[in-house]
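Student: After the structure tokens below, expect a handful of questions from me.
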Amino acid sequence: VDEAVVEEMQRFQAQFKGIAQRYRLINRIGEGTFSTVYKAEDLFYNSYRNDWDVQAKDLAKWTPPKRRHRSTTPHYVAIKKIYATSSPHRILNELELLHDLRDSDSVCPLITAFRHQDQVIAILPYFQHLDFREYYREMTVSNMRLYFQSLFTALRAVHSQGILHRDIKPTNFLYSPLHNRGVLVDFGLAERQGYDTFPCLCELSEADRQRRIEGSVYAARGGPDTAPSYPKTDNRPGRRANRAGTRGFRAPEVLLKCTAQTTAIDMWSAGVILLTMLTKRFPFFHSADDVDALLELTYVFGKRRMREAAILHGQVFQTNIPSYDSGIRLERVVRWSTARSERDANKNYVQALSDDEVEAIRFLELLLECDPDKRITAKEALRHPFITAAGK
Ligand code: ADP
Ligand code: MG
């Protein structure tokens, strides 16, 4: 273990009263914008009951049981130290959602949480996994079926509770290729569907949307006051919508500031992971900002589809980049990025895509569907032949 990390762990142990009597910190395993995660040994595993009650308890007031449970194998936990700069509301939100999801398949359960002054820590079972970068290039389509079976199992559970994860990406899905099992972590950006939404045109039927767009006044907050028009003559007020997430993984409706986002945004992000595996490029999308991200999507999906996607949410999409007219077929994207675009004299590809790959691409199209209403759901995905064939 790195000397600087050892020092940091010592400082943390000294500052967080009571932690050392219960846990032995081993290493730092994650460091992000919102938290630092340590691997630790739970010294009193099985010696206490997890009577978790949402209000983070004070570890300094905790007294170790008289008889320590003897276990021949050490029990490991992940200690997520949520930065004190996060708002209390945000921290509570993460803990509450984890608590609500505690019995969900493939979701990393919360064991308990503690607070010392302004510092909150969440205790999770340690999950053995591999770094995505170590295996995504070697994955076969069979491996992908198993990976997504596990991810969609988690998403089905999360979505059935009306929760949007909002940050689906490889570092938040801890996967063990050896066991073909993964757990979803990091509910730091998660929210309840409908909690922070305003009417959006995408919620209407096609006919009603058309009627609204053709001149009628749409006064609801966040919605357009008049029909969408060219940017220069557009006098609608600016729009606000939750765009939290990670660049490259945001669904078109997030980029287009849809004010009624649904759990479908997570399925898009799952699609980006599948695209990454098939193209063996990580990260696949690499945009500096949301406008850039829209252009990246336009390059693949074409202007017409992006214009249609924008209209759904009462937005106008325009670009003067002429080459983005038609988009590209995903087969071509996969060929390019895996250096299989070469053709022989008869214009046939020298290296064909396998049947498995073509099947994966067809499935990918259901995830990377620009209309969130038509996008495949986690529940549907688990019944899809691409996934039901997993492990067979
Ligand atoms: P952040 O909000 O900072 O992204 P995460 O909850 O995503 O925090 O955790 C950051 C990293 O810590 C993860 O990408 C993973 O590598 C590691 N980690 C988190 N929870 C666990 C766990 N239960 N078991 C093993 N490693 C974990
Ligand atoms: Mg994370």
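Labeling convention for the structure tokens: chains A, B, ... as they appear, residues from 1 per chain, ligands from 1 in order of appearance.
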Taking the chain letters and numbering used in this document, name the residues of segment 255-291 of chain A that DSSP puts in alpha helix (DSSP H), as number ranges by chain.

Tutor: A: 255, 264-279, 290-291

Student: Would you export the selected residues with C-alpha atoms as a PDB file, in the first residue's frame, please?

Tutor:
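Saved file again_12.pdb follows:
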ATOM      1  CA  LEU A 255     -28.811  16.520 -23.296  1.00  0.00           C
ATOM      2  CA  ALA A 264     -35.162   5.034 -19.627  1.00  0.00           C
ATOM      3  CA  ILE A 265     -32.083   7.260 -19.297  1.00  0.00           C
ATOM      4  CA  ASP A 266     -30.289   4.382 -17.515  1.00  0.00           C
ATOM      5  CA  MET A 267     -31.014   2.004 -20.386  1.00  0.00           C
ATOM      6  CA  TRP A 268     -29.356   4.414 -22.813  1.00  0.00           C
ATOM      7  CA  SER A 269     -26.242   4.490 -20.626  1.00  0.00           C
ATOM      8  CA  ALA A 270     -26.248   0.682 -20.549  1.00  0.00           C
ATOM      9  CA  GLY A 271     -26.321   0.875 -24.347  1.00  0.00           C
ATOM     10  CA  VAL A 272     -23.208   3.031 -24.313  1.00  0.00           C
ATOM     11  CA  ILE A 273     -21.462   0.316 -22.261  1.00  0.00           C
ATOM     12  CA  LEU A 274     -22.456  -2.338 -24.826  1.00  0.00           C
ATOM     13  CA  LEU A 275     -21.246  -0.062 -27.624  1.00  0.00           C
ATOM     14  CA  THR A 276     -17.929   0.257 -25.781  1.00  0.00           C
ATOM     15  CA  MET A 277     -17.543  -3.514 -25.573  1.00  0.00           C
ATOM     16  CA  LEU A 278     -18.442  -4.121 -29.211  1.00  0.00           C
ATOM     17  CA  THR A 279     -16.131  -1.380 -30.504  1.00  0.00           C
ATOM     18  CA  ASP A 290     -23.438  18.835 -23.837  1.00  0.00           C
ATOM     19  CA  VAL A 291     -23.419  20.530 -27.252  1.00  0.00           C
TER      20      VAL A 291
END

Student: Can you work out which residues are within 7 Å of ligand 2, considering only C-alpha atoms and all ligand atoms, and then hand them over as number ranges by chain?

Tutor: A: 32, 171-172, 186

Student: Could you name the residues that touch Gln21 of chain A at 12 Å or less, counting only C-alpha atoms, but leaving out those on the same chain fewer than 5 positions away, as a ChimeraX atom specification?

Tutor: /A:13-14,16,41-44,59-65

Student: Which distance in Å separates atom CA of Phe173 of chain A and atom CA of Leu294 of chain A, to one decimal?

Tutor: 25.0 Å

Student: Quick one: contact table of chain A to ligand 1, 7 Å max, nearest atom pair and distance in Å to one decimal per residue, counting only C-alpha atoms and all ligand atoms, chain and number order, as JSON lines?

Tutor:
{"residue": "A:Ile29", "atom": "CA", "partner": "ligand 1", "partner_atom_place_in_ligand_line": "12 (O)", "distance": 5.4}
{"residue": "A:Gly30", "atom": "CA", "partner": "ligand 1", "partner_atom_place_in_ligand_line": "12 (O)", "distance": 3.8}
{"residue": "A:Glu31", "atom": "CA", "partner": "ligand 1", "partner_atom_place_in_ligand_line": "3 (O)", "distance": 5.6}
{"residue": "A:Gly32", "atom": "CA", "partner": "ligand 1", "partner_atom_place_in_ligand_line": "3 (O)", "distance": 3.8}
{"residue": "A:Thr33", "atom": "CA", "partner": "ligand 1", "partner_atom_place_in_ligand_line": "3 (O)", "distance": 5.5}
{"residue": "A:Phe34", "atom": "CA", "partner": "ligand 1", "partner_atom_place_in_ligand_line": "3 (O)", "distance": 4.6}
{"residue": "A:Ser35", "atom": "CA", "partner": "ligand 1", "partner_atom_place_in_ligand_line": "3 (O)", "distance": 3.9}
{"residue": "A:Thr36", "atom": "CA", "partner": "ligand 1", "partner_atom_place_in_ligand_line": "3 (O)", "distance": 5.9}
{"residue": "A:Val37", "atom": "CA", "partner": "ligand 1", "partner_atom_place_in_ligand_line": "12 (O)", "distance": 4.9}
{"residue": "A:Val77", "atom": "CA", "partner": "ligand 1", "partner_atom_place_in_ligand_line": "23 (N)", "distance": 6.8}
{"residue": "A:Ala78", "atom": "CA", "partner": "ligand 1", "partner_atom_place_in_ligand_line": "22 (C)", "distance": 5.0}
{"residue": "A:Lys80", "atom": "CA", "partner": "ligand 1", "partner_atom_place_in_ligand_line": "6 (O)", "distance": 6.7}
{"residue": "A:Cys108", "atom": "CA", "partner": "ligand 1", "partner_atom_place_in_ligand_line": "23 (N)", "distance": 6.2}
{"residue": "A:Leu124", "atom": "CA", "partner": "ligand 1", "partner_atom_place_in_ligand_line": "23 (N)", "distance": 5.0}
{"residue": "A:Pro125", "atom": "CA", "partner": "ligand 1", "partner_atom_place_in_ligand_line": "23 (N)", "distance": 5.1}
{"residue": "A:Tyr126", "atom": "CA", "partner": "ligand 1", "partner_atom_place_in_ligand_line": "24 (N)", "distance": 3.8}
{"residue": "A:Phe127", "atom": "CA", "partner": "ligand 1", "partner_atom_place_in_ligand_line": "24 (N)", "distance": 3.7}
{"residue": "A:Gln128", "atom": "CA", "partner": "ligand 1", "partner_atom_place_in_ligand_line": "25 (C)", "distance": 6.0}
{"residue": "A:His129", "atom": "CA", "partner": "ligand 1", "partner_atom_place_in_ligand_line": "25 (C)", "distance": 6.9}
{"residue": "A:Thr171", "atom": "CA", "partner": "ligand 1", "partner_atom_place_in_ligand_line": "14 (O)", "distance": 4.3}
{"residue": "A:Asn172", "atom": "CA", "partner": "ligand 1", "partner_atom_place_in_ligand_line": "7 (O)", "distance": 4.9}
{"residue": "A:Leu174", "atom": "CA", "partner": "ligand 1", "partner_atom_place_in_ligand_line": "15 (C)", "distance": 6.6}
{"residue": "A:Val185", "atom": "CA", "partner": "ligand 1", "partner_atom_place_in_ligand_line": "6 (O)", "distance": 5.3}
{"residue": "A:Asp186", "atom": "CA", "partner": "ligand 1", "partner_atom_place_in_ligand_line": "6 (O)", "distance": 3.7}
{"residue": "A:Gly188", "atom": "CA", "partner": "ligand 1", "partner_atom_place_in_ligand_line": "2 (O)", "distance": 5.6}

Student: Taking the backbone alone, and naming residues the way the document does, which bits of segment 4-127 of chain A are strand (DSSP E) by DSSP, as JSON, numbers by chain?

Tutor: {"A": [23, 24, 25, 26, 27, 28, 29, 30, 31, 35, 36, 37, 38, 39, 40, 41, 42, 76, 77, 78, 79, 80, 81, 82, 112, 113, 114, 115, 116, 119, 120, 121, 122, 123, 124, 125]}

Student: Hey, which of A:Val350, A:Ala360, A:Met139, A:Ala154 ends up closest to Ala389 of chain A? Count only C-alpha atoms.

Tutor: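 Distance minimum relative to Ala389 of chain A lands on A:Ala360.
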
Student: Would you mind reading off the distance between atom CA of Thr262 of chain A and atom CA of His99 of chain A, one decimal, in Å?

Tutor: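 For atom CA of Thr262 of chain A relative to atom CA of His99 of chain A, the distance reads 21.0 Å.
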
Student: Neighbouring residues of Arg362 of chain A were defined as those with any atom within 12 Å, considering only C-alpha atoms; residues of the same chain fewer than 6 positions away were excluded. Please report them as a VMD selection string.

Tutor: chain A and resid 271 274 to 275 278 329 to 331 355 to 356 368 to 369 384 to 386

Student: Calculated over only C-alpha atoms, which of the candidates A:Phe114, A:Tyr175, A:Phe301, A:Tyr349 has the smallest distance to Arg133 of chain A?

Tutor: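 Looking only at the distances to Arg133 of chain A, the closest residue turns out to be A:Tyr175.
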
Student: From the options A:Asp208, A:Asp167, A:Asp292, A:Asp118, which residue's atoms come nearest to Tyr83 of chain A, counting only C-alpha atoms?

Tutor: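 Using only C-alpha atoms, the shortest distance to Tyr83 of chain A belongs to A:Asp118.
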
Student: Find the spatial neighbours of Leu201 of chain A, counting only C-alpha atoms, within a cut-off of 7 Å - ignore same-chain residues fewer than 4 positions away - and output them as a list of chain:residue names.

Tutor: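 Listed by chain and then number, they are A:Arg209, A:Leu312, A:His313, A:Gly314.
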
Student: Env of Ala40 of chain A: 6 Å cut, atoms = only C-alpha atoms, seq-sep filter 2 positions within chain, self excluded. Answer as a ChimeraX atom specification.

Tutor: /A:24-26,76-77

Student: Keeping C-alpha atoms, export the residues of the selection given above as a compact mmCIF listing (two decimals), in the first residue's frame.

Tutor:
# COMPACT_ATOMS: atom_id res chain seq x y z
CA ARG A 24 -9.25 -2.10 10.19
CA LEU A 25 -8.58 0.00 7.12
CA ILE A 26 -6.64 -1.88 4.47
CA TYR A 76 -14.35 -7.24 4.30
CA VAL A 77 -16.36 -4.12 3.80
